[in-house]
file model.cif (mmCIF, C-alpha atoms)
data_start
#
loop_
_atom_site.label_atom_id
_atom_site.label_comp_id
_atom_site.auth_asym_id
_atom_site.auth_seq_id
_atom_site.Cartn_x
_atom_site.Cartn_y
_atom_site.Cartn_z
CA MET C 274 -15.43 1.85 1.43
CA LEU C 275 -16.38 3.11 -1.94
CA THR C 276 -19.59 1.15 -2.06
CA THR C 277 -21.16 1.41 1.36
CA ALA C 278 -22.07 4.98 2.30
CA ASP C 279 -25.78 5.66 2.21
CA THR C 280 -25.28 8.96 0.53
CA ILE C 281 -23.56 7.57 -2.53
CA PRO C 282 -25.68 8.25 -5.60
CA LYS C 283 -26.11 5.44 -8.08
CA PRO C 284 -23.45 5.48 -10.76
CA VAL C 285 -24.44 6.83 -14.12
CA THR C 286 -24.50 3.83 -16.39
CA ALA C 287 -23.24 3.65 -19.91
CA PRO C 288 -25.85 1.33 -21.40
CA ALA C 289 -24.38 1.13 -24.87
CA ARG C 290 -20.96 0.04 -23.72
CA ARG C 291 -22.29 -2.22 -20.98
CA ALA C 292 -24.63 -4.02 -23.39
CA ALA C 293 -21.62 -4.87 -25.52
CA GLU C 294 -20.16 -6.92 -22.67
CA THR C 295 -21.11 -10.51 -23.30
CA SER C 296 -20.36 -13.60 -21.29
CA ASP C 297 -17.98 -14.63 -24.08
CA GLN C 298 -15.94 -11.50 -23.55
CA ARG C 299 -15.97 -12.11 -19.84
CA ARG C 300 -14.60 -15.58 -20.38
CA ASP C 301 -11.98 -14.26 -22.78
CA ALA C 302 -10.87 -11.69 -20.21
CA ARG C 303 -10.40 -14.39 -17.59
CA LEU C 304 -8.50 -16.64 -20.00
CA THR C 305 -6.24 -13.70 -20.79
CA GLU C 306 -5.59 -13.20 -17.08
CA GLU C 307 -4.82 -16.92 -16.74
CA LYS C 308 -2.28 -16.51 -19.53
CA TRP C 309 -0.53 -13.62 -17.73
CA VAL C 310 -0.40 -15.57 -14.49
CA LYS C 311 1.18 -18.49 -16.33
CA CYS C 312 3.77 -16.14 -17.84
CA VAL C 313 4.78 -14.91 -14.38
CA GLU C 314 5.00 -18.50 -13.14
CA GLN C 315 7.15 -19.43 -16.14
CA ILE C 316 9.52 -16.60 -15.23
CA ARG C 317 9.56 -17.63 -11.58
CA ASP C 318 10.15 -21.32 -12.24
CA HIS C 319 12.13 -21.37 -15.49
CA GLN C 320 13.44 -17.83 -16.16
CA ASP C 321 11.41 -18.05 -19.36
CA ARG C 322 12.34 -15.10 -21.60
CA ASP C 323 9.54 -15.73 -24.13
CA ALA C 324 6.99 -15.42 -21.33
CA PHE C 325 8.75 -12.21 -20.30
CA VAL C 326 8.56 -10.77 -23.83
CA ALA C 327 4.81 -11.49 -23.96
CA LEU C 328 4.30 -9.59 -20.69
CA PHE C 329 6.56 -6.78 -21.87
CA ASP C 330 4.69 -6.32 -25.17
CA HIS C 331 1.36 -6.05 -23.39
CA PHE C 332 2.21 -4.17 -20.21
CA ALA C 333 5.21 -1.91 -20.93
CA PRO C 334 3.22 0.46 -23.22
CA ARG C 335 0.32 0.51 -20.74
CA VAL C 336 2.62 1.37 -17.86
CA LYS C 337 4.26 4.09 -19.93
CA GLY C 338 0.87 5.52 -20.89
CA PHE C 339 -0.30 5.46 -17.27
CA LEU C 340 2.82 7.28 -16.10
CA ILE C 341 2.47 9.96 -18.78
CA LYS C 342 -1.14 10.49 -17.72
CA SER C 343 0.08 10.84 -14.14
CA GLY C 344 2.26 13.78 -15.19
CA ALA C 345 5.60 12.14 -15.95
CA ASP C 346 7.45 13.35 -19.03
CA ALA C 347 8.00 10.88 -21.86
CA SER C 348 11.64 10.05 -21.10
CA MET C 349 11.00 9.46 -17.43
CA ALA C 350 7.95 7.34 -18.23
CA GLU C 351 10.08 5.28 -20.61
CA GLU C 352 12.83 4.77 -18.02
CA CYS C 353 10.30 3.93 -15.34
CA ALA C 354 8.40 1.45 -17.55
CA GLN C 355 11.66 -0.37 -18.31
CA ASP C 356 12.57 -0.48 -14.61
CA VAL C 357 9.12 -1.87 -13.81
CA MET C 358 9.60 -4.76 -16.26
CA VAL C 359 13.05 -5.55 -14.83
CA THR C 360 11.55 -5.60 -11.31
CA LEU C 361 8.81 -7.94 -12.52
CA TRP C 362 11.50 -10.38 -13.66
CA ARG C 363 13.41 -10.18 -10.40
CA LYS C 364 10.43 -10.37 -8.07
CA ALA C 365 8.35 -12.98 -9.89
CA HIS C 366 8.63 -15.23 -6.82
CA LEU C 367 6.69 -12.68 -4.73
CA PHE C 368 3.59 -12.58 -6.96
CA ASP C 369 0.48 -14.15 -5.37
CA ALA C 370 -2.32 -14.86 -7.87
CA SER C 371 -4.84 -15.40 -5.07
CA ARG C 372 -4.48 -11.76 -3.97
CA ALA C 373 -3.74 -9.76 -7.11
CA SER C 374 -4.07 -9.83 -10.87
CA VAL C 375 -0.87 -9.40 -12.87
CA ALA C 376 -2.02 -5.89 -13.86
CA THR C 377 -2.53 -5.03 -10.19
CA TRP C 378 0.91 -6.28 -9.26
CA ILE C 379 2.48 -4.29 -12.09
CA PHE C 380 0.55 -1.21 -10.98
CA THR C 381 2.09 -1.45 -7.49
CA ILE C 382 5.60 -1.82 -8.91
CA ALA C 383 5.05 1.19 -11.20
CA ARG C 384 3.64 3.30 -8.36
CA ASN C 385 6.66 2.56 -6.16
CA ARG C 386 9.17 3.27 -8.92
CA ARG C 387 7.38 6.52 -9.72
CA ILE C 388 7.73 7.65 -6.10
CA ASP C 389 11.45 6.76 -6.17
CA LEU C 390 12.09 8.68 -9.37
CA LEU C 391 9.77 11.64 -8.97
CA ARG C 392 9.90 12.37 -5.26
CA LYS C 393 13.32 10.86 -4.48
CA GLU C 394 11.75 9.41 -1.37
CA ARG C 395 11.81 6.02 0.23
CA ARG C 396 8.66 4.01 -0.23
CA PRO C 397 8.04 1.87 2.87
CA GLU C 398 6.45 -1.45 1.92
CA PRO C 399 4.63 -3.92 4.20
CA GLU C 400 6.07 -7.29 5.09
CA ASP C 401 6.13 -9.86 2.29
CA LEU C 402 3.46 -12.49 2.72
CA THR C 403 4.35 -15.36 0.41
CA TRP C 404 3.41 -18.98 0.07
CA GLY C 405 6.96 -20.23 -0.06
CA PRO C 406 8.09 -23.44 -1.73
CA GLU C 407 6.06 -25.90 0.32
CA ALA C 408 2.61 -24.31 -0.04
CA GLU C 409 0.71 -22.90 -3.02
CA PRO C 410 -2.47 -20.83 -3.11
CA ASP C 411 -5.69 -22.75 -3.59
CA GLN C 412 -6.64 -22.78 -7.29
CA ALA C 413 -10.24 -22.00 -6.34
CA ASP C 414 -9.01 -18.79 -4.66
CA VAL C 415 -6.95 -17.88 -7.72
CA LEU C 416 -9.95 -18.44 -10.00
CA ALA C 417 -12.26 -16.42 -7.74
CA LEU C 418 -9.79 -13.53 -7.65
CA GLN C 419 -9.52 -13.62 -11.45
CA GLN C 420 -13.30 -13.45 -11.75
CA GLU C 421 -13.50 -10.50 -9.37
CA SER C 422 -10.69 -8.74 -11.25
CA SER C 423 -12.58 -9.24 -14.52
CA ARG C 424 -15.74 -7.81 -12.98
CA LEU C 425 -13.83 -4.78 -11.75
CA ARG C 426 -12.26 -4.31 -15.17
CA GLU C 427 -15.68 -4.55 -16.83
CA ALA C 428 -17.17 -2.03 -14.41
CA MET C 429 -14.27 0.29 -15.14
CA THR C 430 -14.77 -0.06 -18.90
CA ALA C 431 -18.47 0.71 -18.47
CA LEU C 432 -17.83 3.95 -16.59
CA PRO C 433 -18.61 7.16 -18.43
CA ASP C 434 -15.44 9.05 -19.29
CA ALA C 435 -16.11 11.78 -16.73
CA GLN C 436 -16.30 9.30 -13.86
CA ARG C 437 -13.25 7.44 -15.04
CA ALA C 438 -11.37 10.74 -15.13
CA LEU C 439 -12.30 11.35 -11.49
CA ILE C 440 -10.78 8.05 -10.43
CA GLU C 441 -7.63 8.78 -12.39
CA GLN C 442 -7.37 12.18 -10.75
CA ALA C 443 -7.62 10.60 -7.30
CA TYR C 444 -4.77 8.24 -8.16
CA PHE C 445 -2.69 11.10 -9.46
CA GLY C 446 -3.25 13.05 -6.26
CA ASP C 447 -5.42 15.81 -7.64
CA LEU C 448 -8.64 14.80 -5.95
CA SER C 449 -9.56 13.45 -2.56
CA HIS C 450 -10.74 9.93 -1.97
CA ARG C 451 -14.05 11.28 -0.68
CA GLU C 452 -14.82 12.75 -4.06
CA ILE C 453 -14.48 9.45 -5.90
CA ALA C 454 -16.54 7.77 -3.23
CA SER C 455 -19.45 10.00 -4.15
CA GLN C 456 -19.09 9.35 -7.87
CA THR C 457 -18.73 5.66 -8.49
CA GLY C 458 -20.26 2.34 -7.63
CA LEU C 459 -17.43 -0.03 -8.48
CA PRO C 460 -17.52 -3.58 -7.04
CA LEU C 461 -14.63 -3.03 -4.62
CA GLY C 462 -16.34 -4.66 -1.64
CA THR C 463 -16.37 -8.11 -3.23
CA ILE C 464 -12.75 -8.00 -4.29
CA LYS C 465 -11.81 -6.88 -0.78
CA SER C 466 -13.59 -9.90 0.71
CA ARG C 467 -11.74 -12.21 -1.70
CA ILE C 468 -8.36 -10.74 -0.76
CA ARG C 469 -9.21 -10.96 2.93
CA LEU C 470 -10.02 -14.65 2.56
CA ALA C 471 -6.75 -15.28 0.72
CA LEU C 472 -4.83 -13.44 3.47
CA ASP C 473 -6.50 -15.59 6.14
CA ARG C 474 -5.51 -18.77 4.31
CA LEU C 475 -1.98 -17.49 3.80
CA ARG C 476 -1.55 -16.60 7.47
CA HIS C 477 -2.80 -20.05 8.38
CA ALA C 478 -0.35 -21.71 5.97
CA MET C 479 2.54 -19.64 7.33
CA LYS C 480 2.01 -20.83 10.92
CA MET U 319 -2.73 -11.81 15.80
CA SER U 320 -4.54 -9.20 13.78
CA HIS U 321 -8.06 -10.21 14.81
CA SER U 322 -7.73 -8.34 18.08
CA ILE U 323 -6.94 -4.97 16.51
CA GLN U 324 -9.77 -2.57 17.33
CA HIS U 325 -8.56 0.79 16.07
CA HIS U 326 -7.77 0.96 12.36
CA LEU U 327 -6.50 3.48 9.84
CA SER U 328 -8.97 5.62 7.88
CA GLU U 329 -10.04 4.68 4.34
CA GLU U 330 -8.55 8.01 3.26
CA LEU U 331 -5.07 7.01 4.40
CA LEU U 332 -5.37 3.48 3.03
CA PHE U 333 -6.41 4.84 -0.35
CA GLY U 334 -3.63 7.44 -0.30
CA TYR U 335 -1.10 4.71 0.40
CA SER U 336 -2.34 2.68 -2.56
CA ALA U 337 -2.40 5.69 -4.86
CA GLY U 338 1.06 6.75 -3.68
CA THR U 339 0.03 10.28 -2.72
CA LEU U 340 0.99 10.31 0.99
CA PRO U 341 4.16 11.80 2.52
CA GLU U 342 6.86 9.29 3.45
CA ALA U 343 6.12 9.37 7.21
CA PHE U 344 2.49 8.42 6.61
CA ASN U 345 3.47 5.72 4.12
CA LEU U 346 5.64 4.28 6.88
CA MET U 347 2.70 4.21 9.29
CA VAL U 348 0.45 2.46 6.76
CA ALA U 349 3.16 -0.04 5.78
CA ALA U 350 3.81 -0.87 9.45
CA HIS U 351 0.11 -1.18 10.28
CA ILE U 352 -0.86 -3.39 7.32
CA SER U 353 2.10 -5.63 8.10
CA ILE U 354 0.16 -6.76 11.18
CA CYS U 355 -3.45 -5.84 10.28
CA ASP U 356 -4.99 -8.01 7.54
CA HIS U 357 -8.26 -6.07 7.69
CA CYS U 358 -6.57 -2.87 6.48
CA ARG U 359 -4.20 -4.76 4.20
CA ALA U 360 -7.16 -6.22 2.29
CA ILE U 361 -8.55 -2.70 1.81
CA VAL U 362 -5.20 -1.41 0.48
CA GLU U 363 -4.90 -4.38 -1.87
CA SER U 364 -8.44 -3.82 -3.17
CA TYR U 365 -7.48 -0.23 -4.00
CA ASP U 366 -4.39 -1.65 -5.69
CA ALA U 367 -6.80 -3.74 -7.78
CA LEU U 368 -8.55 -0.54 -8.81
CA GLY U 369 -5.17 0.89 -9.85
CA GLY U 370 -4.45 -2.30 -11.80
CA ALA U 371 -7.79 -2.01 -13.60
CA LEU U 372 -6.97 1.62 -14.47
CA VAL U 373 -3.65 0.63 -16.03
CA GLU U 374 -5.28 -2.22 -17.91
CA THR U 375 -8.34 -0.44 -19.29
CA ALA U 376 -7.24 3.10 -20.13
CA PRO U 377 -8.83 3.64 -23.56
CA ASP U 378 -6.02 5.77 -24.98
CA ALA U 379 -3.25 4.62 -22.69
CA PRO U 380 -0.72 2.36 -24.39
CA VAL U 381 2.19 4.53 -25.47
CA ALA U 382 4.77 2.79 -27.60
CA VAL U 383 8.03 2.23 -25.77
CA GLY U 384 11.28 3.07 -27.52
CA GLY U 385 12.41 0.75 -30.31
CA ASP U 386 15.41 -0.44 -28.28
CA ALA U 387 13.46 -0.75 -25.00
CA LEU U 388 12.93 -4.50 -25.18
CA SER U 389 16.56 -5.27 -25.95
CA ALA U 390 17.69 -2.86 -23.22
CA VAL U 391 15.48 -4.62 -20.70
CA LEU U 392 16.49 -8.10 -21.92
CA ASN U 393 20.12 -7.10 -21.36
CA ARG U 394 19.35 -6.10 -17.80
CA ILE U 395 17.76 -9.45 -17.01
CA SER U 396 20.50 -11.54 -18.60
CA GLU U 397 21.66 -12.70 -15.20
CA PRO U 398 19.35 -15.22 -13.57
CA ALA U 399 17.09 -13.66 -10.95
CA LYS U 400 18.29 -14.33 -7.43
CA PRO U 401 15.16 -14.33 -5.34
CA ALA U 402 15.76 -12.37 -2.16
CA ALA U 403 14.37 -13.91 1.01
CA PRO U 404 10.93 -12.47 1.79
CA ARG U 405 11.03 -9.60 4.28
CA ARG U 406 9.25 -10.95 7.32
CA SER U 407 9.86 -9.93 10.91
CA LYS U 408 9.74 -12.26 13.87
CA GLY U 409 10.53 -9.41 16.24
CA VAL U 410 8.53 -6.57 17.75
CA LEU U 411 9.12 -4.14 14.90
CA PRO U 412 7.45 -5.03 11.57
CA SER U 413 9.84 -5.18 8.57
CA PRO U 414 9.20 -1.64 7.24
CA LEU U 415 10.26 -0.22 10.63
CA GLN U 416 13.25 -2.56 10.84
CA ASP U 417 14.34 -1.18 7.45
CA TYR U 418 14.59 2.29 9.04
CA VAL U 419 16.06 1.21 12.38
CA GLY U 420 18.51 -1.31 10.95
CA GLY U 421 17.26 -4.14 13.17
CA ASP U 422 14.75 -4.85 15.92
CA LEU U 423 14.37 -3.16 19.34
CA GLU U 424 18.03 -3.58 20.30
CA SER U 425 19.09 -1.45 17.31
CA ILE U 426 16.96 1.59 18.19
CA ARG U 427 19.04 4.62 19.16
CA TRP U 428 16.86 6.15 21.84
CA ARG U 429 17.20 9.76 23.00
CA PRO U 430 15.70 10.80 26.35
CA VAL U 431 13.05 13.52 26.24
CA GLY U 432 12.36 13.64 29.99
CA MET U 433 10.32 11.79 32.62
CA GLY U 434 11.69 8.48 31.43
CA VAL U 435 10.19 8.93 27.97
CA ARG U 436 12.54 8.30 25.06
CA GLN U 437 12.24 8.81 21.32
CA ALA U 438 14.01 7.84 18.12
CA ILE U 439 13.32 9.87 14.98
CA LEU U 440 12.98 7.72 11.85
CA THR U 441 12.26 10.38 9.26
CA ALA U 442 11.54 14.08 9.55
CA GLY U 443 10.73 16.52 6.79
CA ALA U 444 8.49 19.39 5.86
CA SER U 445 5.58 17.07 5.07
CA GLY U 446 5.70 15.02 8.25
CA SER U 447 7.78 13.08 10.70
CA ALA U 448 7.83 9.56 12.11
CA ARG U 449 9.45 8.46 15.34
CA LEU U 450 9.40 5.69 17.86
CA LEU U 451 8.38 6.51 21.44
CA TYR U 452 9.31 4.56 24.56
CA ILE U 453 7.04 5.17 27.54
CA PRO U 454 7.77 3.39 30.85
CA ALA U 455 4.87 1.29 32.17
CA GLY U 456 2.36 3.38 34.08
CA THR U 457 3.77 6.69 32.85
CA ALA U 458 1.72 9.38 31.19
CA ILE U 459 2.86 10.43 27.75
CA PRO U 460 3.47 14.16 28.26
CA ASP U 461 0.41 16.30 27.74
CA HIS U 462 0.55 17.45 24.17
CA GLY U 463 -1.81 19.15 21.83
CA HIS U 464 -1.41 19.10 18.09
CA ARG U 465 -1.25 21.16 15.06
CA GLY U 466 -2.35 18.87 12.28
CA THR U 467 -2.85 15.12 12.36
CA GLU U 468 -1.10 12.68 14.65
CA LEU U 469 -1.27 8.89 14.43
CA THR U 470 0.08 6.68 17.20
CA MET U 471 0.35 2.90 16.78
CA VAL U 472 1.22 0.55 19.63
CA LEU U 473 4.03 -1.91 18.92
CA GLN U 474 4.62 -3.26 22.41
CA GLY U 475 2.66 -2.93 25.65
CA ALA U 476 -0.51 -0.84 25.61
CA PHE U 477 -1.84 2.57 26.54
CA LEU U 478 -5.09 4.00 27.78
CA ASP U 479 -6.55 7.29 26.66
CA GLU U 480 -9.71 8.36 28.49
CA ASP U 481 -11.79 5.18 28.36
CA GLU U 482 -10.18 3.63 25.29
CA TYR U 483 -7.56 0.90 25.31
CA PHE U 484 -4.86 0.59 22.63
CA ALA U 485 -2.78 -2.58 22.26
CA ARG U 486 -0.37 -3.88 19.60
CA GLY U 487 -1.50 -2.82 16.13
CA ASP U 488 -4.12 -0.34 17.38
CA VAL U 489 -3.82 3.18 16.00
CA GLU U 490 -5.00 6.31 17.76
CA THR U 491 -5.86 9.11 15.37
CA ALA U 492 -5.86 12.64 16.78
CA ASP U 493 -6.21 16.07 15.22
CA GLU U 494 -5.71 19.61 16.42
CA HIS U 495 -8.99 19.65 18.32
CA VAL U 496 -7.93 16.87 20.68
CA GLU U 497 -6.08 17.36 23.93
CA HIS U 498 -5.24 13.86 25.05
CA THR U 499 -3.18 12.26 27.78
CA PRO U 500 -2.40 8.65 26.96
CA ILE U 501 -1.05 6.61 29.86
CA ALA U 502 1.09 3.53 29.31
CA ASP U 503 -0.53 0.43 30.82
CA VAL U 504 1.19 -0.94 33.92
CA GLY U 505 1.85 -4.38 32.41
CA ALA U 506 4.86 -3.49 30.26
CA ASP U 507 6.85 -0.55 28.96
CA CYS U 508 5.07 0.80 25.90
CA ILE U 509 6.68 1.30 22.49
CA CYS U 510 4.76 3.22 19.82
CA LEU U 511 5.22 4.54 16.32
CA ALA U 512 4.07 8.17 16.18
CA VAL U 513 3.57 10.02 12.91
CA THR U 514 2.58 13.65 12.55
CA ASP U 515 2.31 16.21 9.79
CA ALA U 516 3.24 19.07 12.16
CA PRO U 517 5.67 19.53 15.05
CA LEU U 518 4.25 18.44 18.37
CA ARG U 519 3.71 20.78 21.30
CA PHE U 520 4.73 19.12 24.51
CA ARG U 521 2.97 21.31 27.05
CA LYS U 522 4.62 20.61 30.36
CA LEU U 523 7.77 19.00 29.24
CA VAL U 524 9.76 21.41 27.18
CA PRO U 525 9.47 25.14 26.63
CA ARG U 526 8.01 25.72 23.17
CA LEU U 527 11.06 27.72 22.13
CA LEU U 528 13.26 24.68 22.45
CA GLN U 529 11.15 22.58 20.16
CA PRO U 530 12.98 23.26 16.89
CA LEU U 531 16.20 22.36 18.67
CA LEU U 532 14.93 19.06 20.03
CA ARG U 533 12.85 18.27 16.94
CA ILE U 534 9.79 17.18 18.85
#

call {"tool": "encode", "arguments": {"input": "model.cif", "output": "structure tokens"}}
result
Amino acid sequence: MLTTADTIPKPVTAPARRAAETSDQRRDARLTEEKWVKCVEQIRDHQDRDAFVALFDHFAPRVKGFLIKSGADASMAEECAQDVMVTLWRKAHLFDASRASVATWIFTIARNRRIDLLRKERRPEPEDLTWGPEAEPDQADVLALQQESSRLREAMTALPDAQRALIEQAYFGDLSHREIASQTGLPLGTIKSRIRLALDRLRHAMK
Amino acid sequence: MSHSIQHHLSEELLFGYSAGTLPEAFNLMVAAHISICDHCRAIVESYDALGGALVETAPDAPVAVGGDALSAVLNRISEPAKPAAPRRSKGVLPSPLQDYVGGDLESIRWRPVGMGVRQAILTAGASGSARLLYIPAGTAIPDHGHRGTELTMVLQGAFLDEDEYFARGDVETADEHVEHTPIADVGADCICLAVTDAPLRFRKLVPRLLQPLLRI
């Protein structure tokens, strides 16, 4: 885990940026996440195109930017970003707000599409674990996951540029996981515990 | 189900799966393992959360999509989404393996490799290969050393290697420094998923020269 090894030096803090984070902003971030989750639910339950446009306006440019940073050329990044948004529409019923933020879910769709397009390889995916029509995730679990996602986002925003660049490089395959482990102190352990709890509840509900 | 799994995948592999930097054969191993191991699945999904935070917070990241992008995408979603049934296996093979085999155990096209051992290659390329192995109960998996990394996950039955016991979901990780002789437990025939980034050397079974021919 990124946070456990004894040898991990403390992360370099960015006091100026971190001080700017107020509890108001934290609340705003969580309300924003609530809005995105509602949009996905609107698509799932009502094929709501307005909700889709809101998600598109926010996420399509971010996905495109992420793909360009990962080494894709502009036209491929554009094609891929569009495909990602279409997949979001079609797979809205598979999104689980107790295990992932909307941004996280979109990241996984973009990663898979990138592998398809760039490497022309199959991307094996694990079994779908979904709540199905008769059960829904506990709202307390959804709220807790949103809070952990906000904390992770804040920690990421507070990272000095050099450390952030290291994490990006690891995701783009230019750096080993061990190297980021020695550079950052992101709150990954807590989000992992939250996801584990949600998986336990889901498995129980599926029985 | 998953609580009894004792031997897990490394953080390195779980991170690589989330980042999308592993070869296909290793992606298949991770996808199969986290289908039945919630411990490792939670780790992968927490790395996914890190990826999500990266996408969300990149300071200079949003890049305007083309002016006609929204209308192009809206055209593609004009038909109502038809939710596909969730992929979930009730059989021995987890869904990602069933996708390759085309069904559960009865659909595997086994090829004998000697001494009752059979194999079915799922994917093989320069960066790695994945195959299913069938080892009759009580039989030793042929003595083989490695070049590179080999991961073996039990799907049915169990095997012993030295003093360690591997049952469904458990993964044995071996590298080139390990000479091991796993023996299938007597209770049931053993079926495993084996993934390697280099061709195996079966010591006693097949002359080395024949290896490229047999793809083992």

call {"tool": "closest_residue", "arguments": {"input": "model.cif", "among": "U:Gln437, U:Ser445, U:Ser322, U:Asn345", "to": "chain C", "atoms": "all atoms listed in the file"}}
result
U:Asn345

call {"tool": "closest_atom_pairs", "arguments": {"input": "model.cif", "of": "chain C", "to": "chain U", "cutoff": "7 Å", "atoms": "all atoms listed in the file", "output": "Markdown table"}}
result
| residue | atom | partner | partner_atom | distance |
| --- | --- | --- | --- | --- |
| C:Met274 | CA | U:Glu329 | CA | 6.7 |
| C:Gln320 | CA | U:Pro398 | CA | 7.0 |
| C:Ala333 | CA | U:Val383 | CA | 7.0 |
| C:Pro334 | CA | U:Pro380 | CA | 4.5 |
| C:Arg335 | CA | U:Pro380 | CA | 4.2 |
| C:Val336 | CA | U:Val373 | CA | 6.6 |
| C:Lys337 | CA | U:Val381 | CA | 5.9 |
| C:Gly338 | CA | U:Ala379 | CA | 4.6 |
| C:Phe339 | CA | U:Val373 | CA | 6.0 |
| C:Glu351 | CA | U:Val383 | CA | 6.3 |
| C:Gln355 | CA | U:Val391 | CA | 6.2 |
| C:Val359 | CA | U:Val391 | CA | 6.4 |
| C:Arg363 | CA | U:Ala399 | CA | 5.1 |
| C:Lys364 | CA | U:Pro401 | CA | 6.7 |
| C:His366 | CA | U:Pro401 | CA | 6.8 |
| C:Ala373 | CA | U:Ala367 | CA | 6.8 |
| C:Ala376 | CA | U:Gly370 | CA | 4.8 |
| C:Thr377 | CA | U:Gly370 | CA | 3.7 |
| C:Phe380 | CA | U:Gly370 | CA | 5.2 |
| C:Thr381 | CA | U:Asp366 | CA | 6.7 |
| C:Arg384 | CA | U:Gly338 | CA | 6.4 |
| C:Glu394 | CA | U:Glu342 | CA | 6.9 |
| C:Arg395 | CA | U:Glu342 | CA | 6.8 |
| C:Arg396 | CA | U:Glu342 | CA | 6.7 |
| C:Pro397 | CA | U:Leu346 | CA | 5.3 |
| C:Glu398 | CA | U:Ala349 | CA | 5.3 |
| C:Pro399 | CA | U:Ala349 | CA | 4.4 |
| C:Glu400 | CA | U:Ser353 | CA | 5.3 |
| C:Asp401 | CA | U:Arg405 | CA | 5.3 |
| C:Leu425 | CA | U:Ala371 | CA | 6.9 |
| C:Arg426 | CA | U:Ala371 | CA | 5.3 |
| C:Thr430 | CA | U:Thr375 | CA | 6.5 |
| C:Tyr444 | CA | U:Ala337 | CA | 4.8 |
| C:Gly446 | CA | U:Thr339 | CA | 5.6 |
| C:His450 | CA | U:Glu330 | CA | 6.0 |
| C:Leu461 | CA | U:Ser364 | CA | 6.4 |
| C:Ile464 | CA | U:Ser364 | CA | 6.1 |
| C:Lys465 | CA | U:Ser364 | CA | 5.1 |
| C:Ile468 | CA | U:Ala360 | CA | 5.6 |
| C:Arg469 | CA | U:Ala360 | CA | 5.2 |
| C:Leu472 | CA | U:Asp356 | CA | 6.8 |

call {"tool": "resolve_selection", "arguments": {"input": "model.cif", "expression": "the PyMOL selection byres ((chain C and resi 473) around 12)", "output": "list of chain:residue names"}}
result
C:Ser371, C:Arg372, C:Leu402, C:Pro410, C:Asp414, C:Ser466, C:Arg467, C:Ile468, C:Arg469, C:Leu470, C:Ala471, C:Leu472, C:Arg474, C:Leu475, C:Arg476, C:His477, C:Ala478, C:Met479, C:Lys480, U:Met319, U:Ser320, U:His321, U:Cys355, U:Asp356, U:His357, U:Arg359, U:Ala360

call {"tool": "atom_distance", "arguments": {"input": "model.cif", "atom1": "CA of Asp507 (chain U)", "atom2": "CA of Gly466 (chain U)"}}
result
27.2 Å

call {"tool": "atom_distance", "arguments": {"input": "model.cif", "atom1": "CA of Leu478 (chain U)", "atom2": "CA of Ile501 (chain U)"}}
result
5.2 Å

call {"tool": "residues_around", "arguments": {"input": "model.cif", "residues": "Ala455 (chain U)", "least_positions_apart": "2", "cutoff": "7 Å", "atoms": "all atoms listed in the file", "output": "list in words"}}
result
Ile453, Thr457, Ala502, Asp503, Val504, Gly505, Ala506, Asp507 and Cys508 of chain U

call {"tool": "residues_around", "arguments": {"input": "model.cif", "residues": "Ala442 (chain U)", "least_positions_apart": "5", "cutoff": "9 Å", "atoms": "all atoms listed in the file", "output": "number ranges by chain"}}
result
U: 343, 447-449, 533

call {"tool": "atom_distance", "arguments": {"input": "model.cif", "atom1": "CA of Glu427 (chain C)", "atom2": "CA of Pro460 (chain C)"}}
result
10.0 Å

call {"tool": "closest_residue", "arguments": {"input": "model.cif", "among": "U:Val489, U:Ile459, U:Ile323, U:Ala476", "to": "Arg436 (chain U)", "atoms": "all atoms listed in the file"}}
result
U:Ile459

call {"tool": "closest_residue", "arguments": {"input": "model.cif", "among": "U:Val410, U:Cys510, U:Asp515, U:Ala485", "to": "Ser425 (chain U)", "atoms": "only C-alpha atoms"}}
result
U:Val410

call {"tool": "residues_around", "arguments": {"input": "model.cif", "residues": "His325 (chain U)", "least_positions_apart": "4", "cutoff": "10 Å", "atoms": "only C-alpha atoms", "output": "PyMOL selection string"}}
result
chain U and resi 471+482-485+487-491

call {"tool": "decode", "arguments": {"input": "model.cif", "residues": "region 322-341 of chain U", "atoms": "C-alpha atoms", "output": "short mmCIF file (atom, residue, chain, number, x, y, z; two decimals), in the first residue's frame"}}
result
data_model
loop_
_atom_site.label_atom_id
_atom_site.label_comp_id
_atom_site.auth_asym_id
_atom_site.auth_seq_id
_atom_site.Cartn_x
_atom_site.Cartn_y
_atom_site.Cartn_z
CA SER U 322 -10.27 -18.09 2.76
CA ILE U 323 -7.83 -16.88 0.11
CA GLN U 324 -4.35 -16.82 1.63
CA HIS U 325 -2.06 -16.03 -1.28
CA HIS U 326 -2.74 -12.73 -3.05
CA LEU U 327 -1.38 -10.75 -5.97
CA SER U 328 1.36 -8.16 -5.40
CA GLU U 329 0.53 -4.45 -5.05
CA GLU U 330 2.69 -3.91 -8.13
CA LEU U 331 0.43 -6.05 -10.29
CA LEU U 332 -2.76 -4.61 -8.81
CA PHE U 333 -1.53 -1.09 -9.48
CA GLY U 334 -0.44 -2.01 -13.01
CA TYR U 335 -3.89 -3.42 -13.70
CA SER U 336 -5.53 -0.19 -12.54
CA ALA U 337 -3.13 1.98 -14.50
CA GLY U 338 -3.55 -0.21 -17.58
CA THR U 339 0.16 -0.85 -18.06
CA LEU U 340 0.25 -4.68 -17.87
CA PRO U 341 0.38 -7.12 -20.81
#
